[in-house]
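Text of run19.csv (CSV, C-alpha atoms and all ligand atoms) as supplied:
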chain,number,residue,atom,x,y,z
R,1,SER,CA,22.7,-17.8,0.8
R,2,SER,CA,21.7,-14.7,2.8
R,3,VAL,CA,20.2,-15.1,6.3
R,4,VAL,CA,18.9,-11.5,6.4
R,5,SER,CA,15.8,-10.9,4.4
R,6,THR,CA,16.4,-8.2,1.8
R,7,SER,CA,12.8,-8.0,0.7
R,8,PHE,CA,11.3,-4.7,1.8
R,9,GLN,CA,7.7,-5.4,1.0
R,10,GLN,CA,4.4,-5.7,2.9
R,11,GLU,CA,4.5,-6.1,6.6
R,12,ALA,CA,4.3,-3.0,8.7
R,13,ASP,CA,6.6,-2.7,11.6
R,14,VAL,CA,6.1,-1.3,15.1
R,15,GLN,CA,8.5,1.6,14.5
R,16,GLU,CA,6.5,2.7,11.5
R,17,ASN,CA,4.1,4.6,13.8
R,18,ILE,CA,6.6,7.3,14.9
R,19,LEU,CA,7.1,8.2,11.2
R,20,ARG,CA,3.4,8.3,10.4
R,21,PRO,CA,2.3,11.9,9.5
R,22,LYS,CA,-0.6,12.8,11.7
R,23,MET,CA,-2.2,15.6,9.7
R,24,LEU,CA,-2.8,16.1,6.0
R,25,CYS,CA,-0.2,18.9,5.8
R,26,ASP,CA,2.5,16.5,6.9
R,27,PHE,CA,1.5,13.9,4.3
R,28,GLN,CA,4.0,14.4,1.3
R,29,GLY,CA,3.0,14.2,-2.3
R,30,GLN,CA,-0.3,13.0,-3.7
R,31,GLN,CA,-1.2,16.7,-4.1
R,32,GLN,CA,-4.5,16.3,-6.0
R,33,LEU,CA,-5.7,13.7,-3.7
R,34,LYS,CA,-4.9,15.8,-0.7
R,35,ASP,CA,-6.5,18.9,-2.2
R,36,ASN,CA,-9.8,17.0,-2.8
R,37,LEU,CA,-9.8,15.2,0.5
R,38,SER,CA,-9.2,18.4,2.5
R,39,ILE,CA,-12.3,20.0,0.8
R,40,PHE,CA,-14.4,16.9,1.5
R,41,ILE,CA,-13.3,16.9,5.1
R,42,ARG,CA,-13.9,20.6,5.6
R,43,ALA,CA,-17.4,20.3,4.0
R,44,ALA,CA,-18.3,17.4,6.3
R,45,ARG,CA,-17.1,19.2,9.3
R,46,GLU,CA,-19.0,22.4,8.4
R,47,ARG,CA,-22.2,20.3,8.0
R,48,GLU,CA,-21.3,18.4,11.2
R,49,GLU,CA,-21.7,15.1,9.4
R,50,PRO,CA,-19.4,12.2,9.2
R,51,LEU,CA,-17.2,12.1,6.1
R,52,ASP,CA,-18.6,9.9,3.3
R,53,HIS,CA,-17.2,6.3,3.1
R,54,THR,CA,-13.8,6.5,1.6
R,55,PHE,CA,-12.1,3.9,-0.6
R,56,LEU,CA,-8.2,4.0,-0.7
R,57,ILE,CA,-6.6,2.1,-3.6
R,58,GLY,CA,-2.9,1.5,-4.2
R,59,PRO,CA,0.1,-0.8,-3.8
R,60,PRO,CA,1.5,-1.6,-0.3
R,61,GLY,CA,3.4,1.0,1.6
R,62,LEU,CA,2.1,4.1,-0.2
R,63,GLY,CA,0.2,5.5,2.8
R,64,LYS,CA,-3.3,4.0,2.9
R,65,THR,CA,-3.2,3.2,6.7
R,66,THR,CA,-1.6,6.6,7.3
R,67,LEU,CA,-4.3,8.4,5.3
R,68,ALA,CA,-7.1,6.6,7.3
R,69,SER,CA,-5.7,7.8,10.6
R,70,ILE,CA,-5.2,11.3,9.1
R,71,ILE,CA,-8.8,11.4,8.1
R,72,ALA,CA,-9.8,10.6,11.7
R,73,ASN,CA,-7.5,13.2,13.1
R,74,GLU,CA,-8.7,15.9,10.7
R,75,MET,CA,-12.3,15.0,11.5
R,76,GLY,CA,-11.5,15.1,15.2
R,77,SER,CA,-12.9,11.6,15.6
R,78,GLU,CA,-11.8,8.2,16.8
R,79,ILE,CA,-10.6,5.4,14.6
R,80,ARG,CA,-11.0,1.7,14.9
R,81,MET,CA,-8.7,-0.4,12.7
R,82,THR,CA,-8.9,-3.9,11.5
R,83,SER,CA,-8.1,-5.9,8.4
R,84,ALA,CA,-10.4,-8.2,6.4
R,85,PRO,CA,-8.5,-11.5,7.1
R,86,ALA,CA,-8.9,-10.8,10.8
R,87,LEU,CA,-12.7,-10.9,10.4
R,88,ASP,CA,-13.8,-14.5,10.2
R,89,LYS,CA,-17.5,-14.7,11.2
R,90,PRO,CA,-20.4,-12.3,10.8
R,91,LYS,CA,-20.4,-11.8,14.5
R,92,ASP,CA,-16.8,-10.5,14.3
R,93,LEU,CA,-17.9,-7.7,12.0
R,94,ALA,CA,-21.3,-7.1,13.8
R,95,GLY,CA,-19.4,-6.8,17.1
R,96,ILE,CA,-17.3,-3.9,15.8
R,97,LEU,CA,-20.1,-2.2,13.8
R,98,THR,CA,-22.4,-2.1,16.9
R,99,ASN,CA,-19.6,-0.6,18.9
R,100,VAL,CA,-18.5,2.2,16.6
R,101,THR,CA,-19.3,5.6,17.9
R,102,GLU,CA,-21.2,8.3,16.1
R,103,GLY,CA,-18.9,10.1,13.5
R,104,SER,CA,-16.0,7.8,14.0
R,105,VAL,CA,-13.8,6.2,11.4
R,106,PHE,CA,-13.8,2.4,10.9
R,107,PHE,CA,-10.8,1.3,8.8
R,108,ILE,CA,-10.7,-2.1,7.1
R,109,ASP,CA,-7.4,-2.9,5.4
R,110,GLU,CA,-7.2,-5.5,2.6
R,111,ILE,CA,-11.0,-5.1,2.1
R,112,HIS,CA,-10.9,-7.3,-1.1
R,113,ARG,CA,-10.3,-10.3,1.2
R,114,LEU,CA,-13.6,-9.9,3.1
R,115,LYS,CA,-15.8,-13.0,3.1
R,116,PRO,CA,-19.0,-12.7,1.0
R,117,ALA,CA,-21.4,-12.9,4.0
R,118,LEU,CA,-19.5,-10.2,5.8
R,119,GLU,CA,-19.3,-8.1,2.7
R,120,GLU,CA,-23.0,-8.2,2.4
R,121,MET,CA,-23.5,-7.1,6.0
R,122,LEU,CA,-21.0,-4.3,5.5
R,123,TYR,CA,-22.6,-2.8,2.5
R,124,ILE,CA,-26.0,-2.7,4.1
R,125,ALA,CA,-24.3,-1.1,7.1
R,126,MET,CA,-22.7,1.5,4.9
R,127,GLU,CA,-25.9,2.4,3.1
R,128,ASP,CA,-28.5,2.2,5.7
R,129,PHE,CA,-26.5,2.3,9.0
R,130,GLU,CA,-28.1,-0.8,10.2
R,131,ILE,CA,-27.5,-4.5,10.2
R,132,ASP,CA,-29.9,-7.5,9.9
R,133,TRP,CA,-29.0,-10.0,12.5
R,134,VAL,CA,-30.5,-13.5,12.3
R,135,ILE,CA,-31.5,-15.0,15.6
R,136,GLY,CA,-32.3,-18.7,16.0
R,137,GLN,CA,-32.3,-21.3,13.2
R,138,GLY,CA,-34.6,-23.1,10.8
R,139,PRO,CA,-38.3,-22.1,10.8
R,140,ALA,CA,-38.0,-20.3,14.2
R,141,ALA,CA,-35.3,-18.0,12.8
R,142,ARG,CA,-36.1,-14.3,12.8
R,143,THR,CA,-34.3,-11.3,11.7
R,144,MET,CA,-33.6,-8.4,14.0
R,145,ARG,CA,-32.7,-5.0,12.6
R,146,ILE,CA,-30.1,-3.3,14.6
R,147,PRO,CA,-29.5,0.4,14.0
R,148,LEU,CA,-25.9,1.7,13.9
R,149,PRO,CA,-24.4,5.1,14.7
R,150,LYS,CA,-23.4,7.1,11.6
R,151,PHE,CA,-19.8,6.3,10.9
R,152,THR,CA,-17.2,6.6,8.1
R,153,LEU,CA,-15.9,3.4,6.6
R,154,VAL,CA,-12.4,3.7,5.2
R,155,GLY,CA,-11.6,0.7,3.1
R,156,ALA,CA,-8.1,0.0,1.7
R,157,THR,CA,-7.1,-2.4,-1.0
R,158,THR,CA,-4.2,-3.2,-3.2
R,159,LYS,CA,-6.6,-4.8,-5.7
R,160,ALA,CA,-9.5,-2.6,-6.7
R,161,GLY,CA,-10.5,-5.2,-9.3
R,162,SER,CA,-11.2,-7.8,-6.6
R,163,VAL,CA,-13.7,-5.7,-4.8
R,164,SER,CA,-17.3,-6.5,-5.7
R,165,SER,CA,-19.3,-3.7,-7.3
R,166,PRO,CA,-22.1,-3.6,-4.7
R,167,LEU,CA,-19.3,-2.8,-2.2
R,168,SER,CA,-17.2,-0.4,-4.2
R,169,SER,CA,-20.2,1.5,-5.4
R,170,ARG,CA,-21.1,2.4,-1.7
R,171,PHE,CA,-17.9,4.4,-1.3
R,172,GLY,CA,-18.7,8.1,-1.9
R,173,ILE,CA,-15.0,9.0,-2.2
R,174,THR,CA,-12.4,7.0,-4.1
R,175,CYS,CA,-8.7,7.8,-3.8
R,176,HIS,CA,-6.1,6.2,-6.0
R,177,ILE,CA,-2.7,6.5,-4.4
R,178,GLU,CA,0.2,6.5,-7.0
R,179,PHE,CA,3.8,5.7,-6.6
R,180,TYR,CA,5.8,8.8,-5.4
R,181,ASN,CA,8.3,10.6,-7.5
R,182,GLU,CA,11.9,11.2,-6.4
R,183,LYS,CA,11.3,14.7,-5.2
R,184,GLU,CA,8.5,13.6,-2.9
R,185,LEU,CA,10.5,10.6,-1.6
R,186,ALA,CA,13.4,12.9,-0.9
R,187,GLN,CA,11.0,15.1,1.2
R,188,ILE,CA,9.8,12.0,3.1
R,189,ILE,CA,13.3,10.8,3.7
R,190,ALA,CA,14.4,14.2,4.9
R,191,ARG,CA,11.5,14.3,7.3
R,192,SER,CA,12.1,10.8,8.6
R,193,ALA,CA,15.8,11.5,9.1
R,194,THR,CA,14.9,14.6,11.2
R,195,ILE,CA,12.4,12.6,13.3
R,196,MET,CA,14.9,9.8,13.9
R,197,ASP,CA,17.9,12.1,14.3
R,198,ILE,CA,19.8,10.6,11.4
R,199,SER,CA,22.6,12.5,9.7
R,200,ILE,CA,22.4,12.2,5.9
R,201,SER,CA,23.8,14.4,3.2
R,202,LYS,CA,21.5,16.1,0.6
R,203,ASP,CA,23.1,14.0,-2.2
R,204,ALA,CA,22.6,10.8,-0.3
R,205,ILE,CA,18.9,11.7,0.2
R,206,ASP,CA,18.4,12.2,-3.5
R,207,LEU,CA,20.2,8.9,-4.3
R,208,LEU,CA,18.2,7.0,-1.7
R,209,ALA,CA,15.0,8.5,-3.2
R,210,LYS,CA,15.9,6.8,-6.5
R,211,CYS,CA,16.4,3.4,-4.8
R,212,SER,CA,13.1,3.5,-2.9
R,213,ARG,CA,10.8,2.0,-5.4
R,214,GLY,CA,8.4,5.0,-5.3
R,215,THR,CA,7.3,3.8,-1.9
R,216,PRO,CA,7.6,5.7,1.4
R,217,ARG,CA,7.7,2.5,3.5
R,218,ILE,CA,10.7,1.3,1.6
R,219,ALA,CA,12.4,4.7,1.8
R,220,ASN,CA,12.0,4.7,5.6
R,221,ARG,CA,13.3,1.1,5.9
R,222,LEU,CA,16.3,1.7,3.7
R,223,LEU,CA,17.1,4.8,5.7
R,224,LYS,CA,17.3,2.8,8.9
R,225,ARG,CA,19.5,0.1,7.3
R,226,LEU,CA,21.8,2.8,5.9
R,227,ARG,CA,22.1,4.3,9.3
R,228,ASP,CA,23.4,0.9,10.4
R,229,PHE,CA,25.9,0.8,7.6
R,230,ALA,CA,27.0,4.4,8.4
R,231,THR,CA,27.4,3.6,12.1
R,232,VAL,CA,29.4,0.5,11.6
R,233,LEU,CA,31.3,1.2,8.4
R,234,GLY,CA,31.5,5.0,8.4
R,235,ASP,CA,31.5,7.9,10.8
R,236,GLY,CA,27.7,7.8,11.4
R,237,ILE,CA,26.8,10.1,8.5
R,238,ILE,CA,25.0,8.7,5.5
R,239,THR,CA,26.9,9.8,2.5
R,240,THR,CA,26.4,8.8,-1.2
R,241,GLU,CA,29.3,6.2,-0.7
R,242,ILE,CA,27.3,4.6,2.1
R,243,VAL,CA,24.2,4.6,-0.1
R,244,HIS,CA,26.0,2.9,-3.0
R,245,HIS,CA,27.6,0.4,-0.6
R,246,GLY,CA,24.4,-0.3,1.3
R,247,MET,CA,22.3,-0.8,-1.9
R,248,GLY,CA,25.0,-3.2,-3.2
R,249,ARG,CA,24.8,-5.2,-0.1
R,250,LEU,CA,21.0,-5.3,-0.1
R,251,GLY,CA,20.9,-6.2,-3.8
R,252,ILE,CA,19.0,-3.1,-4.7
R,253,ASP,CA,19.9,-1.2,-7.9
R,254,LEU,CA,19.7,2.5,-8.7
R,255,ASN,CA,16.2,2.0,-10.3
R,256,GLY,CA,15.0,0.7,-6.9
R,257,LEU,CA,14.7,-2.9,-8.2
R,258,GLU,CA,15.4,-5.8,-5.9
R,259,LYS,CA,16.9,-9.2,-6.7
R,260,GLN,CA,13.4,-10.7,-7.1
R,261,ASP,CA,12.4,-8.0,-9.6
R,262,ARG,CA,15.3,-8.8,-11.8
R,263,ASN,CA,14.7,-12.5,-11.3
R,264,ILE,CA,11.1,-12.1,-12.5
R,265,LEU,CA,12.2,-10.3,-15.6
R,266,ARG,CA,15.0,-12.7,-16.3
R,267,THR,CA,12.7,-15.7,-15.9
R,268,ILE,CA,10.1,-14.3,-18.3
R,269,ILE,CA,12.9,-13.6,-20.9
R,270,GLU,CA,14.9,-16.8,-20.5
R,271,PHE,CA,12.1,-19.4,-19.8
R,272,TYR,CA,9.2,-17.9,-21.7
R,273,ASP,CA,10.9,-16.0,-24.5
R,274,GLY,CA,9.7,-12.7,-23.2
R,275,GLY,CA,6.2,-13.9,-22.6
R,276,PRO,CA,3.3,-13.9,-22.6
R,277,VAL,CA,3.2,-16.0,-19.5
R,278,GLY,CA,0.3,-16.4,-17.0
R,279,ALA,CA,0.6,-15.1,-13.5
R,280,GLU,CA,0.2,-18.6,-11.9
R,281,THR,CA,2.9,-20.1,-14.0
R,282,LEU,CA,5.2,-17.2,-13.4
R,283,SER,CA,4.5,-17.3,-9.6
R,284,ILE,CA,5.7,-21.0,-9.5
R,285,SER,CA,8.7,-20.3,-11.7
R,286,VAL,CA,10.0,-17.5,-9.5
R,287,GLY,CA,8.9,-19.1,-6.2
R,288,GLU,CA,6.9,-16.1,-5.2
R,289,ALA,CA,3.3,-16.2,-3.8
R,290,ILE,CA,0.9,-15.0,-6.5
R,291,GLU,CA,-0.5,-12.3,-4.1
R,292,SER,CA,2.9,-10.7,-3.6
R,293,LEU,CA,3.7,-11.1,-7.3
R,294,GLU,CA,0.6,-9.2,-8.3
R,295,ASP,CA,0.3,-6.7,-5.5
R,296,PHE,CA,3.9,-5.9,-4.8
R,297,TYR,CA,6.3,-6.8,-7.6
R,298,GLU,CA,4.3,-6.2,-10.8
R,299,PRO,CA,2.8,-2.8,-10.2
R,300,TYR,CA,6.2,-1.1,-9.9
R,301,LEU,CA,7.7,-3.1,-12.8
R,302,ILE,CA,4.7,-2.1,-14.9
R,303,GLN,CA,4.9,1.5,-13.8
R,304,LYS,CA,8.6,1.7,-14.7
R,305,GLY,CA,7.9,0.2,-18.1
R,306,TYR,CA,9.7,-3.2,-17.7
R,307,LEU,CA,6.6,-5.3,-17.8
R,308,LYS,CA,3.2,-5.3,-19.5
R,309,ARG,CA,0.0,-7.1,-18.6
R,310,THR,CA,-1.7,-8.4,-21.7
R,311,PRO,CA,-4.9,-10.5,-21.9
R,312,ARG,CA,-2.7,-13.5,-22.7
R,313,GLY,CA,-0.3,-12.9,-19.8
R,314,ARG,CA,2.8,-10.9,-18.7
R,315,MET,CA,5.3,-9.7,-21.2
R,316,THR,CA,8.7,-8.1,-20.8
R,317,THR,CA,9.5,-4.9,-22.7
R,318,LYS,CA,12.6,-3.9,-24.5
R,319,LYS,CA,13.6,-1.9,-21.4
R,320,ALA,CA,13.7,-5.1,-19.4
R,321,TYR,CA,16.2,-6.7,-22.0
R,322,ASP,CA,18.3,-3.6,-21.8
R,323,LEU,CA,18.3,-3.6,-18.0
R,324,LEU,CA,19.6,-7.1,-17.9
R,325,GLY,CA,22.0,-6.7,-20.8
R,326,LEU,CA,20.2,-9.3,-22.9
R,327,SER,CA,19.4,-8.9,-26.6
R,328,SER,CA,15.8,-8.9,-27.7
R,329,ILE,CA,16.0,-10.2,-31.2
R,330,ARG,CA,12.7,-12.1,-30.8
R,331,ASN,CA,10.7,-9.0,-29.6
R,332,SER,CA,10.7,-7.4,-33.0
R,333,ASN,CA,7.3,-6.0,-32.4
R,334,GLU,CA,8.6,-3.7,-29.7
R,401,LIG,P1,-0.1,1.2,3.4
R,401,LIG,O1,-1.2,1.2,4.4
R,401,LIG,O2,-0.5,1.8,2.1
R,401,LIG,O3,0.6,-0.1,3.2
R,401,LIG,P2,1.2,3.0,5.3
R,401,LIG,O4,0.2,4.0,5.5
R,401,LIG,O5,1.4,1.9,6.4
R,401,LIG,O6,1.1,2.2,3.9
R,401,LIG,O7,2.6,3.7,5.1
R,401,LIG,C1,3.9,3.1,5.3
R,401,LIG,C2,4.9,4.1,5.9
R,401,LIG,O8,5.2,5.0,5.0
R,401,LIG,C3,4.3,4.8,7.2
R,401,LIG,O9,5.3,4.6,8.2
R,401,LIG,C4,4.3,6.2,6.8
R,401,LIG,O10,5.0,7.0,7.8
R,401,LIG,C5,5.1,6.4,5.5
R,401,LIG,N1,4.3,7.2,4.6
R,401,LIG,C6,3.4,6.7,3.7
R,401,LIG,N2,2.9,7.7,2.9
R,401,LIG,C7,3.6,8.9,3.3
R,401,LIG,C8,3.5,10.2,2.9
R,401,LIG,N3,2.7,10.6,1.9
R,401,LIG,N4,4.3,11.1,3.6
R,401,LIG,C9,5.1,10.7,4.5
R,401,LIG,N5,5.2,9.4,5.0
R,401,LIG,C10,4.5,8.5,4.4
Reformat the file's structure so that it appears as structure tokens.
Ligand code: ADP
Amino acid sequence: SSVVSTSFQQEADVQENILRPKMLCDFQGQQQLKDNLSIFIRAAREREEPLDHTFLIGPPGLGKTTLASIIANEMGSEIRMTSAPALDKPKDLAGILTNVTEGSVFFIDEIHRLKPALEEMLYIAMEDFEIDWVIGQGPAARTMRIPLPKFTLVGATTKAGSVSSPLSSRFGITCHIEFYNEKELAQIIARSATIMDISISKDAIDLLAKCSRGTPRIANRLLKRLRDFATVLGDGIITTEIVHHGMGRLGIDLNGLEKQDRNILRTIIEFYDGGPVGAETLSISVGEAIESLEDFYEPYLIQKGYLKRTPRGRMTTKKAYDLLGLSSIRNSNE
């Protein structure tokens, strides 16, 4: 078994910051989103108001954190970043809210994981720019109303469906971030290679773009690993041969699917006859946390047409049988 993890999913790494575009014009792809956002930002600046609260929705690694800091840069304001699991008690959130500066951006990642008491505090803060703080206990308790500076909340989530409607309705701007196409990924890879001073051929860039799962974070990580292969096994230049070799070693195919992706599809086909199978059962069968199954693996498999979500559970499509070289006699309804 392999000691090196070949899964390229969630966690951000430290080096990621040097590759992060600073301004909207460096942010590749998502053209419509960028066009709209740049208008909202210009309008807010002209009125000398903070930008409306902004909701960023999309799978991990597509640029939500990056966009939050771009919004702050474009507004010429400060940014304060946190994530919902890091906020435990109401005072954790109150502490940040009472310290934000006028016009600044407050970024909360994984906002669907905010505890209900904190969520309630947050949506009052978003709407009225104040918080109600309870002092004392029992009959002696009283509520103190604390005014807040006008700020912009940028909330990010991989799961829009898990955010309560009182919270989601308080965002004035909602941005859905989609998987990137190969051309956009190629641009991102070329840009990252320049920043990190990596030699890579044009064909190798295009090939790597296909293997990157529509995700800039994965494209950047694979680029770094390929540099290692090129350094040790080649002459330092990433060629198409190096990409083929590297992807083989990492268990990634030319559709960008990892071992676990193929394992998920194979499990549904072989154990559940192509489905439908519930997410919890599937999560146990493939040994993957339900969160990463739903947030990371499934969105790409669905987007690529290998998997369907139905009310009765997950089902594989004919394309999945073809991918794995299995016959789909049972799935006559496809
Ligand atoms: P998320 O917050 O959605 O998980 P991040 O914003 O942390 O994703 O992005 C992951 C990495 O991918 C960052 O290092 C960033 O440099 C890169 N990236 C994301 N989107 C883009 C883009 N549109 N153009 C260029 N690089 C991007």
Close residues to ligand LIG 401 (chain R) using only C-alpha atoms and all ligand atoms, limit 8 Å, as a ChimeraX atom specification: /R:10-12,15-21,26-30,58-68,109,156,188,191-192,215-220
Exercise: Leu51 in chain R partners within 7 Å, all atoms listed in the file, chain neighbours under 4 positions left out, as JSON, numbers by chain: {"R": [41, 44, 152]}
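Going from CA of Ile242 in chain R over to CA of Asp206 in chain R, you cover 13.0 Å.
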List as CSV every residue of range 137-157 of chain R that is in contact with range 163-177 of chain R, defined as an atom at most 9 Å from one of its atoms (using all atoms listed in the file), together with the nearest atom pair and the distance in Å rounded to one decimal, sorted by chain and then rising number.
residue,atom,partner,partner_atom,distance
R:Leu153,CA,R:Phe171,CA,8.2
R:Val154,CA,R:Phe171,CA,8.5
R:Gly155,CA,R:Phe171,CA,8.5
R:Thr157,CA,R:Val163,CA,8.3
Atom-to-atom span, CA of Gln187 in chain R and CA of Asp235 in chain R, Å: 23.8 Å
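For the pair CA of Thr158 in chain R and CA of Leu282 in chain R, the separation is 19.7 Å.
Among the candidates R:Glu294, R:Glu182, R:Glu280, R:Asp88, the residue lying nearest to Gly256 in chain R is R:Glu182 (atoms considered: only C-alpha atoms).
Close contacts of Asp273 in chain R, defined as residues with an atom at most 10 Å away when counting all atoms listed in the file, with chain neighbours fewer than 4 positions off set aside, comprise Arg266, Thr267, Ile268, Ile269, Val277, Met315, Thr316, Ser328, Arg330 and Asn331 of chain R.
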File dump, residues just selected, C-alpha atoms, as a CSV table (one decimal), in the frame of the given file:
chain,number,residue,atom,x,y,z
R,266,ARG,CA,15.0,-12.7,-16.3
R,267,THR,CA,12.7,-15.7,-15.9
R,268,ILE,CA,10.1,-14.3,-18.3
R,269,ILE,CA,12.9,-13.6,-20.9
R,277,VAL,CA,3.2,-16.0,-19.5
R,315,MET,CA,5.3,-9.7,-21.2
R,316,THR,CA,8.7,-8.1,-20.8
R,328,SER,CA,15.8,-8.9,-27.7
R,330,ARG,CA,12.7,-12.1,-30.8
R,331,ASN,CA,10.7,-9.0,-29.6
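Protein and nucleic acid residues near (5.5, -10.3, -2.9) are R:Ser7, R:Phe8, R:Gln9, R:Gln10, R:Glu11, R:Pro59, R:Pro60, R:Glu258, R:Gln260, R:Asp261, R:Ile264, R:Ser283, R:Val286, R:Gly287, R:Glu288, R:Ala289, R:Ile290, R:Glu291, R:Ser292, R:Leu293, R:Glu294, R:Asp295, R:Phe296, R:Tyr297, R:Glu298, R:Pro299, R:Tyr300, the criterion being any atom at most 12 Å away using all atoms listed in the file.
Counting only C-alpha atoms, the residue from R:Arg142, R:Arg213, R:Lys115, R:Trp133 that sits nearest to Gly95 in chain R is R:Trp133.
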Point (18.9, 0.9, 5.3), cut-off 12 Å, counting all atoms listed in the file, residues as a PyMOL selection string: chain R and resi 6-8+189+193+198+200+204-205+208+211-212+217-231+238+242-252
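Residue neighbourhood of range 118-129 of chain R, excluding near-sequence residues (fewer than 5 positions): Pro90, Leu93, Pro147, Leu148, Pro149, Lys150, Leu167 and Arg170 of chain R, at 7 Å, using only C-alpha atoms.
Checking R:Thr98, R:Leu254, R:Leu33, R:Ser104 one by one against Glu49 in chain R, counting only C-alpha atoms, you find the shortest gap at R:Ser104.
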